[in-house]
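This is model-v4.cif (mmCIF, C-alpha atoms and all ligand atoms).
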data_run
#
loop_
_atom_site.label_atom_id
_atom_site.label_comp_id
_atom_site.auth_asym_id
_atom_site.auth_seq_id
_atom_site.Cartn_x
_atom_site.Cartn_y
_atom_site.Cartn_z
CA MET A 1 -18.10 -33.67 -14.49
CA THR A 2 -19.52 -31.51 -17.31
CA LEU A 3 -18.37 -27.90 -17.22
CA ASN A 4 -20.99 -25.18 -17.32
CA GLU A 5 -19.77 -21.74 -18.42
CA VAL A 6 -22.63 -20.00 -16.65
CA THR A 7 -21.65 -21.61 -13.33
CA ILE A 8 -18.11 -20.29 -13.83
CA SER A 9 -19.46 -16.78 -14.45
CA ARG A 10 -21.80 -17.00 -11.46
CA ALA A 11 -18.95 -18.16 -9.18
CA ILE A 12 -16.83 -15.16 -10.12
CA LEU A 13 -19.64 -12.61 -9.94
CA GLU A 14 -21.19 -13.83 -6.69
CA GLU A 15 -17.91 -14.24 -4.83
CA GLN A 16 -16.44 -10.88 -5.87
CA HIS A 17 -19.68 -9.06 -5.19
CA ARG A 18 -19.80 -10.61 -1.74
CA ALA A 19 -16.19 -9.52 -1.10
CA LEU A 20 -17.01 -5.98 -2.16
CA ILE A 21 -20.20 -5.81 -0.10
CA ASP A 22 -18.36 -7.26 2.93
CA HIS A 23 -15.83 -4.40 2.64
CA LEU A 24 -18.24 -1.52 2.14
CA GLU A 25 -17.61 -0.89 5.84
CA MET A 26 -14.22 -1.89 7.21
CA ASP A 27 -11.60 -1.02 9.79
CA ALA A 28 -8.77 -0.10 7.45
CA ALA A 29 -8.22 0.52 3.76
CA VAL A 30 -4.72 0.48 2.33
CA ILE A 31 -4.44 2.33 -0.96
CA GLY A 32 -1.61 1.05 -3.13
CA GLY A 33 -0.12 -2.41 -3.50
CA GLY A 34 3.58 -1.55 -3.49
CA PRO A 35 5.96 -2.84 -0.80
CA SER A 36 4.80 -0.50 1.98
CA GLY A 37 1.10 -1.11 1.32
CA LEU A 38 1.55 -4.87 1.08
CA ALA A 39 3.57 -5.06 4.30
CA CYS A 40 1.09 -2.81 6.09
CA ALA A 41 -1.95 -4.76 4.91
CA ALA A 42 -0.40 -8.14 5.74
CA LEU A 43 0.49 -7.03 9.27
CA LEU A 44 -2.94 -5.44 9.83
CA GLY A 45 -4.62 -8.64 8.67
CA GLU A 46 -2.44 -10.65 11.04
CA ARG A 47 -3.74 -8.48 13.88
CA GLY A 48 -7.32 -9.30 12.96
CA VAL A 49 -8.12 -5.91 11.43
CA SER A 50 -10.69 -6.10 8.62
CA CYS A 51 -8.70 -4.66 5.78
CA ALA A 52 -8.80 -4.20 2.03
CA LEU A 53 -5.96 -3.31 -0.29
CA ILE A 54 -7.05 -1.18 -3.23
CA GLU A 55 -4.74 -1.08 -6.24
CA LYS A 56 -5.43 0.85 -9.41
CA LYS A 57 -3.29 -1.33 -11.66
CA LEU A 58 -3.91 -4.88 -12.83
CA SER A 59 -0.95 -6.20 -10.90
CA ILE A 60 0.07 -5.81 -7.31
CA GLY A 61 3.69 -4.89 -6.53
CA GLY A 62 4.04 -1.20 -7.39
CA GLY A 63 7.63 -0.11 -7.88
CA MET A 64 9.09 -3.28 -6.44
CA TRP A 65 8.47 -5.39 -9.57
CA GLY A 66 11.03 -3.42 -11.57
CA GLY A 67 13.84 -3.57 -8.96
CA GLY A 68 16.46 -1.04 -10.04
CA MET A 69 16.32 0.08 -13.67
CA MET A 70 14.46 -3.12 -14.60
CA PHE A 71 17.02 -5.41 -12.97
CA PRO A 72 14.51 -7.33 -10.83
CA ARG A 73 16.48 -7.39 -7.58
CA ILE A 74 15.96 -5.31 -4.49
CA VAL A 75 18.40 -4.34 -1.76
CA VAL A 76 17.39 -4.39 1.88
CA GLN A 77 19.62 -3.17 4.69
CA GLU A 78 20.40 -4.77 8.05
CA GLU A 79 17.66 -2.90 9.96
CA ALA A 80 14.94 -4.53 7.88
CA ARG A 81 16.41 -8.01 7.44
CA ARG A 82 14.02 -9.38 10.07
CA LEU A 83 11.13 -8.44 7.78
CA LEU A 84 12.62 -10.45 4.91
CA ASP A 85 12.73 -13.35 7.38
CA ARG A 86 9.24 -12.69 8.63
CA PHE A 87 7.80 -12.80 5.12
CA ASP A 88 10.02 -15.74 4.17
CA ILE A 89 11.73 -13.81 1.35
CA ALA A 90 15.04 -15.46 0.40
CA TYR A 91 18.09 -13.19 0.25
CA LYS A 92 21.83 -13.20 -0.09
CA GLU A 93 24.27 -11.04 1.85
CA PHE A 94 26.08 -8.97 -0.77
CA GLU A 95 28.30 -7.03 1.60
CA GLU A 96 28.00 -6.63 5.33
CA GLY A 97 24.53 -5.25 6.04
CA TYR A 98 23.35 -5.23 2.40
CA TYR A 99 20.98 -8.03 1.45
CA VAL A 100 19.77 -8.72 -2.10
CA ALA A 101 16.45 -10.41 -2.87
CA LYS A 102 14.53 -11.15 -6.05
CA SER A 103 11.83 -8.56 -6.55
CA VAL A 104 9.38 -11.07 -8.01
CA GLU A 105 9.75 -13.30 -4.96
CA ALA A 106 9.43 -10.32 -2.62
CA VAL A 107 6.16 -9.22 -4.24
CA ALA A 108 4.82 -12.78 -4.31
CA LYS A 109 5.64 -13.52 -0.66
CA LEU A 110 4.28 -10.21 0.64
CA THR A 111 1.12 -10.72 -1.40
CA ALA A 112 0.76 -14.28 -0.15
CA ALA A 113 1.22 -13.12 3.45
CA ALA A 114 -1.55 -10.55 3.01
CA CYS A 115 -3.85 -13.15 1.44
CA ASP A 116 -3.14 -15.60 4.26
CA ALA A 117 -3.91 -12.86 6.78
CA GLY A 118 -7.38 -12.36 5.26
CA VAL A 119 -6.74 -9.11 3.40
CA GLU A 120 -9.14 -8.61 0.49
CA PHE A 121 -7.59 -7.27 -2.72
CA PHE A 122 -9.41 -4.93 -5.06
CA ASN A 123 -7.19 -4.40 -8.08
CA LEU A 124 -8.11 -2.39 -11.18
CA THR A 125 -9.80 -0.06 -8.71
CA THR A 126 -8.82 3.59 -8.41
CA VAL A 127 -9.46 5.71 -5.35
CA GLU A 128 -10.58 8.98 -6.87
CA ASP A 129 -11.72 10.88 -3.80
CA VAL A 130 -12.25 10.60 -0.04
CA MET A 131 -15.27 11.20 2.20
CA ILE A 132 -14.93 13.78 4.95
CA ARG A 133 -17.93 14.42 7.16
CA GLY A 134 -18.73 16.92 9.91
CA ASP A 135 -16.24 15.36 12.33
CA GLY A 136 -13.41 16.38 9.96
CA ARG A 137 -12.10 12.82 9.65
CA ILE A 138 -11.62 10.79 6.52
CA GLY A 139 -14.38 8.26 6.86
CA GLY A 140 -14.25 6.52 3.53
CA LEU A 141 -13.13 6.29 -0.05
CA VAL A 142 -14.66 7.06 -3.39
CA VAL A 143 -13.74 4.29 -5.85
CA ASN A 144 -14.18 3.55 -9.49
CA TRP A 145 -12.89 1.02 -11.99
CA THR A 146 -9.52 2.08 -13.35
CA PRO A 147 -10.62 1.53 -16.98
CA VAL A 148 -13.42 4.06 -16.44
CA ASP A 149 -10.80 6.57 -15.35
CA MET A 150 -8.44 5.65 -18.22
CA ALA A 151 -11.16 5.96 -20.84
CA GLY A 152 -12.42 9.22 -19.38
CA LEU A 153 -15.94 7.82 -19.18
CA HIS A 154 -18.55 9.75 -17.25
CA VAL A 155 -19.48 7.01 -14.79
CA ASP A 156 -20.13 7.91 -11.18
CA PRO A 157 -18.18 6.05 -8.49
CA LEU A 158 -19.16 3.98 -5.44
CA THR A 159 -18.02 4.48 -1.86
CA MET A 160 -16.41 2.32 0.82
CA ALA A 161 -16.41 3.40 4.48
CA CYS A 162 -13.33 2.82 6.62
CA THR A 163 -12.19 3.96 10.05
CA CYS A 164 -8.55 4.33 8.99
CA THR A 165 -7.11 5.04 5.54
CA VAL A 166 -3.49 4.32 4.65
CA ASP A 167 -1.98 6.27 1.76
CA ALA A 168 0.54 3.84 0.27
CA THR A 169 0.36 5.33 -3.22
CA GLY A 170 4.09 5.93 -3.55
CA HIS A 171 5.86 8.98 -5.00
CA ASP A 172 2.65 10.83 -5.88
CA ALA A 173 1.04 10.56 -2.41
CA MET A 174 -2.28 10.62 -4.22
CA ILE A 175 -4.62 10.46 -1.24
CA ALA A 176 -2.80 13.14 0.72
CA ARG A 177 -2.83 15.33 -2.40
CA MET A 178 -6.60 14.87 -2.77
CA VAL A 179 -7.09 16.09 0.78
CA GLU A 180 -4.77 19.04 0.17
CA LYS A 181 -6.44 19.94 -3.13
CA LYS A 182 -9.88 20.02 -1.61
CA GLY A 183 -8.83 22.38 1.14
CA GLY A 184 -8.01 19.95 3.96
CA ALA A 185 -5.44 21.17 6.47
CA LEU A 186 -2.61 19.15 4.97
CA LYS A 187 0.45 20.25 3.04
CA VAL A 188 2.19 17.84 0.67
CA LYS A 189 5.70 19.19 0.30
CA GLY A 190 6.73 16.79 -2.48
CA GLU A 191 9.75 14.52 -2.43
CA SER A 192 13.29 15.82 -2.56
CA PHE A 193 16.43 14.58 -4.34
CA MET A 194 18.11 11.19 -3.98
CA TRP A 195 19.95 10.58 -0.73
CA ALA A 196 19.49 7.00 0.38
CA GLU A 197 20.95 7.27 3.87
CA ARG A 198 18.88 10.29 4.78
CA ALA A 199 15.66 9.07 3.13
CA GLU A 200 15.85 5.68 4.81
CA SER A 201 16.78 7.02 8.21
CA ARG A 202 13.89 9.52 8.30
CA ILE A 203 11.06 7.50 6.83
CA LEU A 204 9.79 6.11 10.12
CA ASP A 205 9.42 9.62 11.55
CA HIS A 206 7.36 10.56 8.50
CA THR A 207 5.13 7.48 8.76
CA LYS A 208 2.22 8.86 10.76
CA GLU A 209 -1.33 10.12 10.84
CA VAL A 210 -1.09 13.30 8.78
CA PHE A 211 -4.79 14.17 8.79
CA PRO A 212 -7.57 12.74 10.97
CA GLY A 213 -8.05 9.16 9.79
CA LEU A 214 -5.27 9.32 7.17
CA PHE A 215 -1.94 7.56 7.68
CA VAL A 216 0.94 7.77 5.21
CA THR A 217 3.48 5.05 4.54
CA GLY A 218 6.32 4.30 2.13
CA MET A 219 7.32 6.83 -0.50
CA ALA A 220 4.10 8.75 0.18
CA ALA A 221 5.31 9.42 3.73
CA ASN A 222 8.54 10.94 2.43
CA ALA A 223 6.71 12.88 -0.29
CA VAL A 224 4.33 14.50 2.20
CA ALA A 225 7.26 15.45 4.42
CA GLY A 226 9.40 16.91 1.59
CA GLU A 227 11.96 14.21 2.33
CA CYS A 228 14.59 12.69 0.00
CA ARG A 229 14.14 9.62 -2.19
CA MET A 230 16.29 6.53 -1.72
CA GLY A 231 16.46 4.59 -4.98
CA PRO A 232 16.00 0.81 -5.09
CA ILE A 233 16.61 0.06 -1.43
CA PHE A 234 13.43 -1.30 0.12
CA GLY A 235 14.11 -1.72 3.84
CA GLY A 236 12.48 1.61 4.62
CA MET A 237 9.36 0.64 2.66
CA LEU A 238 8.92 -2.57 4.66
CA LEU A 239 9.68 -0.89 8.00
CA SER A 240 7.34 1.97 7.18
CA GLY A 241 4.54 -0.45 6.29
CA GLU A 242 5.11 -2.17 9.61
CA ARG A 243 5.00 1.14 11.49
CA ALA A 244 1.82 2.21 9.71
CA ALA A 245 0.17 -1.09 10.69
CA GLU A 246 1.17 -0.52 14.32
CA LEU A 247 -0.23 3.02 14.31
CA VAL A 248 -3.50 1.96 12.68
CA ALA A 249 -3.88 -0.99 15.06
CA GLU A 250 -3.23 1.37 17.99
CA ARG A 251 -5.93 3.70 16.72
CA LEU A 252 -8.32 0.78 16.37
CA ARG A 253 -7.09 -0.58 19.72
CA ARG A 254 -6.08 -4.00 18.33
C1 LIG A 301 -5.36 2.98 -6.11
C2 LIG A 301 -3.18 3.68 -6.47
C3 LIG A 301 -3.62 5.01 -6.59
C4 LIG A 301 -5.01 5.28 -6.46
C5 LIG A 301 -1.48 4.99 -6.86
O1 LIG A 301 4.96 3.17 -5.79
P1 LIG A 301 4.72 2.03 -4.87
O2 LIG A 301 5.60 0.85 -5.02
O3 LIG A 301 4.74 2.62 -3.37
P2 LIG A 301 5.60 2.30 -2.06
O4 LIG A 301 5.70 3.58 -1.33
O5 LIG A 301 5.06 1.14 -1.34
O6 LIG A 301 7.03 1.88 -2.59
C6 LIG A 301 7.83 2.79 -3.26
C7 LIG A 301 8.87 2.03 -4.08
O7 LIG A 301 8.25 1.16 -4.99
C8 LIG A 301 9.70 3.04 -4.80
O8 LIG A 301 9.24 3.53 -5.83
C9 LIG A 301 10.94 3.50 -4.24
C10 LIG A 301 11.52 2.90 -3.02
N1 LIG A 301 11.52 4.47 -4.88
C11 LIG A 301 12.68 5.19 -4.51
C12 LIG A 301 13.10 6.13 -5.62
O9 LIG A 301 14.06 6.87 -5.36
O10 LIG A 301 12.49 6.14 -6.72
O11 LIG A 301 3.22 1.55 -5.04
C13 LIG A 301 2.15 2.47 -5.04
C14 LIG A 301 0.94 1.79 -5.62
C15 LIG A 301 1.10 1.56 -7.14
O12 LIG A 301 0.92 0.20 -7.41
C16 LIG A 301 0.00 2.41 -7.74
O13 LIG A 301 -0.58 1.85 -8.89
C17 LIG A 301 -0.99 2.53 -6.60
O14 LIG A 301 -0.18 2.64 -5.45
N2 LIG A 301 -1.86 3.70 -6.65
N3 LIG A 301 -4.03 2.68 -6.24
N4 LIG A 301 -5.85 4.24 -6.22
N5 LIG A 301 -5.50 6.53 -6.56
N6 LIG A 301 -2.54 5.80 -6.83
FE FE2 A 302 10.65 4.86 -6.90
#
Show how you would write the structure in this file as structure tokens.
Ligand code: 48H
Ligand code: FE2
Amino acid sequence: MTLNEVTISRAILEEQHRALIDHLEMDAAVIGGGPSGLACAALLGERGVSCALIEKKLSIGGGMWGGGMMFPRIVVQEEARRLLDRFDIAYKEFEEGYYVAKSVEAVAKLTAAACDAGVEFFNLTTVEDVMIRGDGRIGGLVVNWTPVDMAGLHVDPLTMACTCTVDATGHDAMIARMVEKKGGALKVKGESFMWAERAESRILDHTKEVFPGLFVTGMAANAVAGECRMGPIFGGMLLSGERAAELVAERLRR
């Protein structure tokens, strides 16, 4: 076999263009590839929902890569242990009800589960706006390459239509804030101080449709609700991603 560089280029360009074109209209878009977004996307894919995960950075994983203060371990509590099992993430019981896993393995296994479930990943892609039509629902996303945004280049974006949008952008709740900023009937209260027990016990109540077509999960759910932060415990992120997937699937009747 003689390698042809042009064939390699064509393979990459044709396949990624096809993936993008295939997702210009989809059931669900998950914005943000941290733990909640990954869990949500994987579980949506498993339900047969056509779904893309859009991540502005080069790498998937969000705040889970860094564990706690760059010690790459995460803690997950009893309530979410079944999700570690479900995604085949190895863990050790540290004390009763506290499980410790390697953050790199957790990111890798969640990502692999989403890939296996047919989720398409668009990294290096920033959601910079949303589409809201006459029906008052979010019907799609306005996307651009992250380097365009970083360089401050004046390059207009493209759009992707989706029936349901999941804001999994973490502490900043970027999508909810865009809606708020442009006058949508949505208030982002902003996250409160650290209180792990409270933050983790409330997150499922905050994981919901906060604006027609827009669901919030993970840290974004707590930020919209003005809820506390929890530090490097990730059970709530996984459970919230699971809840968001259930709510979106319900909306799509899957
Ligand atoms: C595309 C975007 C955009 C955009 C942001 O921060 P994350 O890991 O989010 P969660 O909620 O899944 O997990 C939170 C967790 O990591 C954490 O920080 C915890 C538990 N903290 C507790 C504490 O007390 O500090 O991931 C969000 C992802 C990131 O990868 C961003 O790059 C991405 O969203 N993102 N992607 N378009 N506009 N904005
Ligand atoms: Fe954080």
Got a sec to check which residues lie within 6 Å of ligand LIG 301 (chain A), using all atoms listed in the file, and send them as a PyMOL selection string?
-> chain A and resi 31-37+54-57+61-64+125-128+168-171+174+218-220+229-232+234+237
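Compared by their closest atoms to ligand FE2 302 (chain A), and using only C-alpha atoms and all ligand atoms, the residues A:Leu43, A:Ala113, A:Met194, A:Val6 rank with A:Met194 nearest.
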Determine, counting all atoms listed in the file, which protein, DNA and RNA residues have an atom within 10 Å of an atom of Glu209 (chain A); residues of the same chain fewer than 3 positions away are not included. Present the result as an mmCIF file with C-alpha atoms, keeping the file's coordinate frame.
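Everything below was put into part_17.cif:
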data_model
loop_
_atom_site.group_PDB
_atom_site.id
_atom_site.type_symbol
_atom_site.label_atom_id
_atom_site.label_comp_id
_atom_site.auth_asym_id
_atom_site.auth_seq_id
_atom_site.Cartn_x
_atom_site.Cartn_y
_atom_site.Cartn_z
ATOM 1 C CA CYS A 164 -8.550 4.330 8.990
ATOM 2 C CA THR A 165 -7.110 5.040 5.540
ATOM 3 C CA VAL A 166 -3.490 4.320 4.650
ATOM 4 C CA ASP A 167 -1.980 6.270 1.760
ATOM 5 C CA HIS A 206 7.360 10.560 8.500
ATOM 6 C CA PRO A 212 -7.570 12.740 10.970
ATOM 7 C CA GLY A 213 -8.050 9.160 9.790
ATOM 8 C CA LEU A 214 -5.270 9.320 7.170
ATOM 9 C CA PHE A 215 -1.940 7.560 7.680
ATOM 10 C CA VAL A 216 0.940 7.770 5.210
ATOM 11 C CA THR A 217 3.480 5.050 4.540
ATOM 12 C CA ALA A 221 5.310 9.420 3.730
ATOM 13 C CA ALA A 244 1.820 2.210 9.710
ATOM 14 C CA LEU A 247 -0.230 3.020 14.310
ATOM 15 C CA VAL A 248 -3.500 1.960 12.680
ATOM 16 C CA ARG A 251 -5.930 3.700 16.720
#
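Distance check against Val143 (chain A) using only C-alpha atoms: of A:Val100, A:Met26, A:Val224, A:Met160, the minimum falls on A:Met160.
Excluding Arg73 (chain A) itself and any same-chain residue fewer than 6 positions from it, the protein and nucleic acid residues within 7 Å of it, counting only C-alpha atoms, are Gly67, Val100, Ala101, Lys102 and Ser103 of chain A.
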For Ser50 (chain A), list every protein, DNA or RNA residue within 10 Å, evaluated using all atoms listed in the file, and leave out those in the same chain fewer than 6 positions away; present the list as a ChimeraX atom specification.
-> /A:22-23,25-29,41,44,117-120,162
Find, counting all atoms listed in the file, the residue in A:Val142, A:Ile12, A:Met70, A:Leu84 that gets nearest to ligand FE2 302 (chain A).
-> A:Met70
